[in-house]
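Following: one structure in structure tokens, then a few remarks.
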Amino acid sequence: MYQDEELHAELMRAFRKYFEANQTWLAKGTKRACMDTRYWMSEIRRICKLRRAELMTWRYEKNEQMKAEKAQKANQNKGTSKADNDN
């Protein structure tokens, strides 16, 4: 499993735990249930921060890859047009 898939799965687990804690808090209205709900909200925020950083890293890598491919195509086109001019 890739790192991003692991974080996604962790995020989904945390959200399910948050949902359960929130339902308990709504039903019981206890301090403990409130604390549990807040805990899972904090966990979701922490995981989202890590996931967002991964996505940004992927985006930067993808941009670099696209720039390299564009430069390679431009170089190929220069070579093709030079050969055409030679004939």
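The way I read the labels, and the way they are meant: chains A, B, ... in the order of the structure tokens, residue 1 as the first residue of every chain, and ligand 1 as the first ligand shown, with later ones counted on from there.
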When you look at region 55-70 of chain A with a cut-off of 12 Å (counting only C-alpha atoms), what residues show up, excluding the ones that are within fewer than 5 positions of it in the same chain? I need them as a PyMOL selection string. chain A and resi 3-5+7-8+48-50+75-77
Find the spatial neighbours of Ala14 (chain A), counting only C-alpha atoms, within a cut-off of 8 Å - ignore same-chain residues fewer than 5 positions away - and output them as a list of chain:residue names.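 Counting only C-alpha atoms, the residues come to A:Trp40, A:Glu43, A:Ile44.
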Shell around Met41 (chain A) at 12 Å using only C-alpha atoms, local window under 6 positions removed, as number ranges by chain: A: 11, 13-22, 34-35, 47-48
